[in-house]
Structure formats: C-alpha cells, structure tokens
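Coordinates as given in structure26.pdb (PDB, C-alpha atoms):
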ATOM      1  CA  MET Y   1     170.148 103.286-122.301
ATOM      2  CA  SER Y   2     167.765 100.326-122.181
ATOM      3  CA  LEU Y   3     168.159  97.092-124.107
ATOM      4  CA  LEU Y   4     165.511  94.682-125.397
ATOM      5  CA  ILE Y   5     166.460  91.208-126.642
ATOM      6  CA  THR Y   6     163.783  89.402-128.660
ATOM      7  CA  LEU Y   7     163.198  86.673-131.154
ATOM      8  CA  THR Y   8     163.108  88.245-134.630
ATOM      9  CA  PRO Y   9     159.411  88.801-135.412
ATOM     10  CA  ASP Y  10     157.594  86.290-137.623
ATOM     11  CA  LEU Y  11     155.917  88.547-140.200
ATOM     12  CA  VAL Y  12     153.174  86.053-141.146
ATOM     13  CA  LEU Y  13     152.204  85.577-137.502
ATOM     14  CA  ASN Y  14     152.316  89.332-136.850
ATOM     15  CA  LYS Y  15     149.996  89.971-139.803
ATOM     16  CA  SER Y  16     147.549  87.367-138.474
ATOM     17  CA  LEU Y  17     147.680  88.837-134.945
ATOM     18  CA  SER Y  18     147.186  92.327-136.375
ATOM     19  CA  HIS Y  19     144.002  91.152-138.108
ATOM     20  CA  TYR Y  20     142.769  89.681-134.797
ATOM     21  CA  VAL Y  21     143.520  92.909-132.914
ATOM     22  CA  ASN Y  22     141.650  94.934-135.563
ATOM     23  CA  LEU Y  23     138.597  92.731-134.926
ATOM     24  CA  LEU Y  24     138.917  93.470-131.209
ATOM     25  CA  LYS Y  25     139.106  97.213-131.883
ATOM     26  CA  LYS Y  26     135.852  97.078-133.861
ATOM     27  CA  GLU Y  27     134.072  95.158-131.081
ATOM     28  CA  THR Y  28     135.134  97.265-128.093
ATOM     29  CA  SER Y  29     133.149 100.124-126.646
ATOM     30  CA  LYS Y  30     136.097 101.477-124.593
ATOM     31  CA  PRO Y  31     138.983 102.010-127.032
ATOM     32  CA  ALA Y  32     140.290 105.056-125.126
ATOM     33  CA  ASN Y  33     140.932 102.974-122.001
ATOM     34  CA  LEU Y  34     143.058 100.468-123.895
ATOM     35  CA  PHE Y  35     146.616 100.566-125.195
ATOM     36  CA  TRP Y  36     146.846  98.840-128.576
ATOM     37  CA  TYR Y  37     150.336  97.546-129.372
ATOM     38  CA  LYS Y  38     151.484  98.185-132.938
ATOM     39  CA  SER Y  39     152.153  95.069-135.013
ATOM     40  CA  SER Y  40     155.821  96.098-135.194
ATOM     41  CA  ASP Y  41     155.857  95.653-131.398
ATOM     42  CA  TYR Y  42     154.534  92.068-131.504
ATOM     43  CA  LEU Y  43     157.768  90.720-130.077
ATOM     44  CA  VAL Y  44     158.723  87.641-128.053
ATOM     45  CA  THR Y  45     160.941  89.127-125.355
ATOM     46  CA  LEU Y  46     163.907  87.094-124.153
ATOM     47  CA  ASN Y  47     165.100  89.796-121.769
ATOM     48  CA  PHE Y  48     164.763  93.508-121.059
ATOM     49  CA  VAL Y  49     167.457  95.529-119.306
ATOM     50  CA  ALA Y  50     166.191  98.860-117.971
ATOM     51  CA  HIS Y  51     169.645 100.450-117.757
ATOM     52  CA  ILE Y  52     172.849  99.267-119.398
ATOM     53  CA  GLU Y  53     176.061 101.143-120.091
ATOM     54  CA  PRO Y  54     177.213 101.295-123.747
ATOM     55  CA  GLU Y  55     180.365  99.263-122.917
ATOM     56  CA  GLN Y  56     178.235  96.525-121.285
ATOM     57  CA  SER Y  57     175.936  96.545-124.298
ATOM     58  CA  GLN Y  58     178.827  96.010-126.722
ATOM     59  CA  GLU Y  59     180.298  93.254-124.522
ATOM     60  CA  LEU Y  60     176.896  91.546-124.308
ATOM     61  CA  ILE Y  61     176.432  91.654-128.090
ATOM     62  CA  SER Y  62     179.894  90.155-128.544
ATOM     63  CA  ILE Y  63     179.093  87.331-126.095
ATOM     64  CA  LEU Y  64     175.720  86.653-127.748
ATOM     65  CA  ASN Y  65     177.401  86.546-131.182
ATOM     66  CA  ASP Y  66     179.681  83.813-129.782
ATOM     67  CA  LYS Y  67     177.059  81.797-127.884
ATOM     68  CA  VAL Y  68     173.778  82.035-129.839
ATOM     69  CA  PRO Y  69     174.703  80.669-133.295
ATOM     70  CA  GLY Y  70     174.432  76.899-133.205
ATOM     71  CA  ILE Y  71     171.271  76.783-131.095
ATOM     72  CA  GLY Y  72     169.357  76.269-134.342
ATOM     73  CA  LYS Y  73     165.951  77.396-135.554
ATOM     74  CA  ILE Y  74     163.262  77.549-132.890
ATOM     75  CA  SER Y  75     159.866  76.140-133.760
ATOM     76  CA  LEU Y  76     156.927  77.200-131.579
ATOM     77  CA  ASN Y  77     153.161  76.776-131.470
ATOM     78  CA  MET Y  78     150.568  79.354-130.513
ATOM     79  CA  LYS Y  79     148.991  78.196-127.268
ATOM     80  CA  GLN Y  80     146.181  80.636-126.574
ATOM     81  CA  ILE Y  81     145.181  84.276-126.312
ATOM     82  CA  ASN Y  82     144.421  85.327-122.771
ATOM     83  CA  TYR Y  83     145.291  87.872-120.087
ATOM     84  CA  PHE Y  84     148.657  88.198-118.422
ATOM     85  CA  PRO Y  85     148.203  89.680-114.962
ATOM     86  CA  ASN Y  86     150.613  92.234-113.629
ATOM     87  CA  GLU Y  87     150.570  94.788-110.790
ATOM     88  CA  LYS Y  88     149.332  97.754-112.834
ATOM     89  CA  GLY Y  89     146.537  96.094-114.751
ATOM     90  CA  ARG Y  90     146.087  93.448-117.372
ATOM     91  CA  THR Y  91     147.589  92.785-120.755
ATOM     92  CA  LEU Y  92     146.021  90.618-123.424
ATOM     93  CA  VAL Y  93     148.745  88.375-124.836
ATOM     94  CA  ALA Y  94     149.275  85.553-127.300
ATOM     95  CA  TYR Y  95     150.919  82.748-125.325
ATOM     96  CA  LEU Y  96     153.456  80.512-127.058
ATOM     97  CA  ASP Y  97     154.540  77.020-126.085
ATOM     98  CA  SER Y  98     157.958  77.024-124.494
ATOM     99  CA  SER Y  99     160.173  74.545-126.336
ATOM    100  CA  THR Y 100     163.440  73.086-125.042
ATOM    101  CA  LYS Y 101     165.390  75.203-127.553
ATOM    102  CA  LEU Y 102     163.604  78.371-126.475
ATOM    103  CA  LYS Y 103     164.345  77.627-122.810
ATOM    104  CA  SER Y 104     167.984  77.012-123.751
ATOM    105  CA  LEU Y 105     168.154  80.316-125.653
ATOM    106  CA  HIS Y 106     166.531  82.206-122.757
ATOM    107  CA  HIS Y 107     169.055  80.610-120.372
ATOM    108  CA  THR Y 108     171.949  81.559-122.690
ATOM    109  CA  VAL Y 109     170.766  85.188-122.805
ATOM    110  CA  SER Y 110     170.401  85.260-118.987
ATOM    111  CA  GLN Y 111     173.886  83.771-118.495
ATOM    112  CA  SER Y 112     175.348  86.279-120.950
ATOM    113  CA  LEU Y 113     173.766  89.131-118.997
ATOM    114  CA  GLY Y 114     175.338  87.657-115.844
ATOM    115  CA  ILE Y 115     178.788  87.814-117.454
ATOM    116  CA  VAL Y 116     178.416  91.571-118.051
ATOM    117  CA  GLY Y 117     177.244  92.224-114.484
ATOM    118  CA  PHE Y 118     173.492  91.629-114.264
ATOM    119  CA  ASP Y 119     171.662  89.280-111.895
ATOM    120  CA  ASN Y 120     170.014  86.197-113.363
ATOM    121  CA  ASP Y 121     166.293  86.555-113.940
ATOM    122  CA  LEU Y 122     164.689  84.138-111.472
ATOM    123  CA  ARG Y 123     161.121  84.577-112.747
ATOM    124  CA  ASN Y 124     159.448  81.729-114.587
ATOM    125  CA  TYR Y 125     159.803  82.477-118.318
ATOM    126  CA  ARG Y 126     156.406  82.578-120.045
ATOM    127  CA  PRO Y 127     156.870  83.370-123.749
ATOM    128  CA  HIS Y 128     154.155  85.631-125.088
ATOM    129  CA  ILE Y 129     153.388  88.500-127.443
ATOM    130  CA  SER Y 130     151.622  91.532-125.917
ATOM    131  CA  LEU Y 131     148.599  92.713-127.908
ATOM    132  CA  VAL Y 132     146.424  95.046-125.805
ATOM    133  CA  GLY Y 133     146.996  96.712-122.459
ATOM    134  CA  CYS Y 134     144.137  97.627-120.113
ATOM    135  CA  LYS Y 135     144.469 100.510-117.654
ATOM    136  CA  LYS Y 136     142.073  98.974-115.108
ATOM    137  CA  ASP Y 137     140.528  95.557-114.513
ATOM    138  CA  GLU Y 138     137.121  96.889-115.512
ATOM    139  CA  ASP Y 139     138.514  97.926-118.913
ATOM    140  CA  LYS Y 140     139.246  94.323-119.870
ATOM    141  CA  LEU Y 141     137.618  92.963-122.982
ATOM    142  CA  ASN Y 142     135.045  90.554-121.598
ATOM    143  CA  GLU Y 143     134.535  88.363-124.615
ATOM    144  CA  LEU Y 144     137.422  87.354-126.802
ATOM    145  CA  PRO Y 145     136.775  86.071-130.303
ATOM    146  CA  GLU Y 146     138.281  82.679-131.090
ATOM    147  CA  TYR Y 147     141.744  82.800-132.597
ATOM    148  CA  GLU Y 148     143.403  79.856-134.239
ATOM    149  CA  TYR Y 149     146.859  79.798-135.695
ATOM    150  CA  SER Y 150     147.894  76.252-136.402
ATOM    151  CA  ASP Y 151     151.041  76.914-138.428
ATOM    152  CA  LYS Y 152     154.386  76.340-136.751
ATOM    153  CA  ILE Y 153     156.125  79.594-135.945
ATOM    154  CA  ILE Y 154     159.774  79.404-136.966
ATOM    155  CA  TYR Y 155     162.327  81.791-135.510
ATOM    156  CA  GLU Y 156     165.745  81.933-137.151
ATOM    157  CA  SER Y 157     167.393  84.836-135.312
ATOM    158  CA  ILE Y 158     167.271  87.185-132.348
ATOM    159  CA  ASP Y 159     167.304  90.971-132.356
ATOM    160  CA  VAL Y 160     168.939  93.319-129.885
ATOM    161  CA  PHE Y 161     167.175  96.691-129.667
ATOM    162  CA  LYS Y 162     168.164  99.970-128.081
ATOM    163  CA  VAL Y 163     165.076 101.362-126.320
ATOM    164  CA  SER Y 164     164.431 105.050-125.721
ATOM    165  CA  PHE Y 165     161.412 107.222-125.051
ATOM    166  CA  GLU Y 166     160.160 110.439-126.613
ATOM    167  CA  GLY Y 167     157.521 111.566-124.149
ATOM    168  CA  LYS Y 168     155.384 108.473-123.591
ATOM    169  CA  GLN Y 169     156.257 106.997-127.009
ATOM    170  CA  ARG Y 170     158.638 104.027-126.904
ATOM    171  CA  ILE Y 171     161.224 104.045-129.689
ATOM    172  CA  ILE Y 172     163.040 100.789-130.472
ATOM    173  CA  GLU Y 173     166.018 100.698-132.795
ATOM    174  CA  ARG Y 174     167.575  97.403-133.821
ATOM    175  CA  ILE Y 175     171.319  97.463-133.228
ATOM    176  CA  GLU Y 176     172.105  93.777-133.887
ATOM    177  CA  ARG Y 177     170.567  90.680-135.465
ATOM    178  CA  ILE Y 178     172.118  87.327-134.547
ATOM    179  CA  ASN Y 179     171.311  84.149-136.459
ATOM    180  CA  LEU Y 180     170.418  81.079-134.412
ATOM    181  CA  GLN Y 181     172.204  78.811-136.897
ATOM    182  CA  ASN Y 182     175.937  78.684-137.643
TER     183      ASN Y 182
END
Would it be possible to restate this file's structure as structure tokens?
Amino acid sequence: MSLLITLTPDLVLNKSLSHYVNLLKKETSKPANLFWYKSSDYLVTLNFVAHIEPEQSQELISILNDKVPGIGKISLNMKQINYFPNEKGRTLVAYLDSSTKLKSLHHTVSQSLGIVGFDNDLRNYRPHISLVGCKKDEDKLNELPEYEYSDKIIYESIDVFKVSFEGKQRIIERIERINLQN
C-alpha cells in the first residue's frame, strides 16, 4: 500500500483555488492535454511513501500521534502560482511560504518515517498545492491570470491517507487525522 501524509485541507482556500482553476479551464484551448486536479486533491504534501507494509503504517501513525500534537497551528501565506518542473513535464502549483513550524512538522514526519525503516528525504521541501498537470512543455498555459489570496491559511491538523489506484484513477482514503495542538 502507499501512504500520503498531508496538512488537512483548508476548505476556504480550496474553494478559492477551484474558482481560479475553473477560469483557467475556460481560457485554455488544449484541455485534453492537461490533467486538472480535483479540489479534493488540493493537498499540501508532507511526505509520500510509495510502498509501506501495514505494520509499518500502524507504527508510523502511532509515532505521529505521539510527536505531532504540541507543534501548534501552522499559519501560512500563499506565495505565488507558477510551474513546478519535474522530469515528465510541468505542473502548475500554488506555492506556499515555508514557516518555521511547517519545516519542523516536515522534519518530524521525516524522522518518524526513519524510525519505521525509511530513508530521510534529502530533497529541499517546497510546500505547494498541485493544480494542473501538463503532459508536454508545449501544453503549458502561457498566460496565467493574476491570483491573489491575502488571507492567512491556518492548518490545525494533518491527515494520513491510504493511496490506491483503480486503473489510472487515484483513490485516497483518510485513515487518520492528527491534531497539531495538544
């Protein structure tokens, strides 16, 4: 099984991002070449584990339940909407500022994964929410409408999801919610 650990979605932010994405859909001439993330998938990933045994998953959840409460609410700002390059193409994302508390939480999750047998993630953590995926560079949306979201985004918990696939469709099922406060 796969495991996805995220900040619990901010519903007000997700509604605002969904409105923005709907504007993009109306303005594009190549919707078939793009993968539009559903608003329920507007998640801030802390870590993804491609394969984890059920016993490791339960141990990890137990460790996170011990370590995560007490970190406190995490307050973030929207930084910008821009492309996130990767090897297979480009993804349009909403970048978030990385606060000290968020870095601490990400570190705690990484350390907890280390305890159950996974290597620490050495990549630079860049918090973002994926909005639209492009199959090829030439499919990118050339002009992006302005997007402003000035409200603070407050996260009060994290979610642990079991991830599976039915064909090409990703299915995520929340198996645990852990509050960031005691």
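Within 8 Å of the point (150.8, 85.0, -129.9), counting only C-alpha atoms, the protein and nucleic acid residues come to Leu13, Leu17, Met78, Lys79, Gln80, Ile81, Val93, Ala94, Tyr95, Leu96, His128, Ile129 and Ser130 of chain Y.
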Would you compute the distance between CA of Gln58 in chain Y and CA of Asp159 in chain Y? Give it in Å to one decimal.
13.8 Å
Could you spell out the hits of the PyMOL selection byres ((chain Y and resi 69) around 12) on the shown file, as an MDAnalysis selection string?
chainID Y and resid 62:68 70:74 105 108 156:158 177:182
Closest-contact table, range 41-119 of chain Y side, partner range 163-166 of chain Y, 10 Å, counting all atoms listed in the file, as a tab-separated table:
residue	atom	partner	partner_atom	distance
Y:Phe48	CA	Y:Val163	CA	9.5
Y:Val49	CA	Y:Val163	CA	9.4
Y:Ala50	CA	Y:Val163	CA	8.8
Y:His51	CA	Y:Val163	CA	9.7
To verify the selection step, state as number ranges by chain which residues the PyMOL selection byres ((chain Y and resi 171) around 12) yields on this input.
Y: 1-4, 38, 40-41, 161-170, 172-174
Write a file of the just-selected residues containing C-alpha atoms, as a JSON list (two decimals), in the coordinates of the input.
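Printed below is selection-v3.json as written:
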[["chain", "number", "residue", "atom", "x", "y", "z"],
["Y", 1, "MET", "CA", 170.15, 103.29, -122.30],
["Y", 2, "SER", "CA", 167.76, 100.33, -122.18],
["Y", 3, "LEU", "CA", 168.16, 97.09, -124.11],
["Y", 4, "LEU", "CA", 165.51, 94.68, -125.40],
["Y", 38, "LYS", "CA", 151.48, 98.18, -132.94],
["Y", 40, "SER", "CA", 155.82, 96.10, -135.19],
["Y", 41, "ASP", "CA", 155.86, 95.65, -131.40],
["Y", 161, "PHE", "CA", 167.18, 96.69, -129.67],
["Y", 162, "LYS", "CA", 168.16, 99.97, -128.08],
["Y", 163, "VAL", "CA", 165.08, 101.36, -126.32],
["Y", 164, "SER", "CA", 164.43, 105.05, -125.72],
["Y", 165, "PHE", "CA", 161.41, 107.22, -125.05],
["Y", 166, "GLU", "CA", 160.16, 110.44, -126.61],
["Y", 167, "GLY", "CA", 157.52, 111.57, -124.15],
["Y", 168, "LYS", "CA", 155.38, 108.47, -123.59],
["Y", 169, "GLN", "CA", 156.26, 107.00, -127.01],
["Y", 170, "ARG", "CA", 158.64, 104.03, -126.90],
["Y", 172, "ILE", "CA", 163.04, 100.79, -130.47],
["Y", 173, "GLU", "CA", 166.02, 100.70, -132.79],
["Y", 174, "ARG", "CA", 167.58, 97.40, -133.82]]
Please report, as CSV, each residue of range 4-85 of chain Y lying at most 9 Å from range 139-143 of chain Y, together with the nearest pair of atoms and the separation in Å rounded to one decimal; use all atoms listed in the file, and order rows by chain and ascending residue number.
residue,atom,partner,partner_atom,distance
Y:Leu24,CA,Y:Leu141,CA,8.3
Y:Thr28,CA,Y:Leu141,CA,7.1
Y:Lys30,CA,Y:Asp139,CA,7.1
Y:Asn33,CA,Y:Asp139,CA,6.4
Y:Leu34,CA,Y:Asp139,CA,7.2
Y:Tyr83,CA,Y:Lys140,CA,8.8
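One finds CA of Phe84 in chain Y at 14.8 Å from CA of Trp36 in chain Y.
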I'd like the neighbourhood of Glu59 in chain Y as a list in words, where a residue qualifies if any of its atoms comes within 12 Å (using only C-alpha atoms), though same-chain residues fewer than 4 positions away should be ignored.
Ile52, Glu53, Pro54, Glu55, Ile63, Leu64, Asn65, Asp66, Ser112, Leu113, Gly114, Ile115, Val116 and Gly117 of chain Y
Residues picked by the PyMOL selection byres ((chain Y and resi 124) around 12) here, as a PyMOL selection string?
chain Y and resi 46+98+103+106-107+120-123+125-127
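You will find CA of Leu144 in chain Y at 22.9 Å from CA of Leu11 in chain Y.
Of the listed residues Y:Ser29, Y:Pro145, Y:Ile153, Y:Val160, the one whose atoms come nearest to Thr45 in chain Y is Y:Val160, with distances taken using only C-alpha atoms.
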With distances taken over all atoms listed in the file, which residue among Y:Ile154, Y:Leu92, Y:Leu7, Y:Ile175 lies nearest Lys135 in chain Y?
Y:Leu92
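Remark: for Glu176 in chain Y, the closest of the candidate residues Y:Ile61, Y:Asn14, Y:Val21, Y:Tyr37 is Y:Ile61 (distances computed over all atoms listed in the file).
When only C-alpha atoms are used to compute distances to Cys134 in chain Y, the closest of the residues Y:Ser16, Y:Asn47, Y:Thr8, Y:Thr91 turns out to be Y:Thr91.
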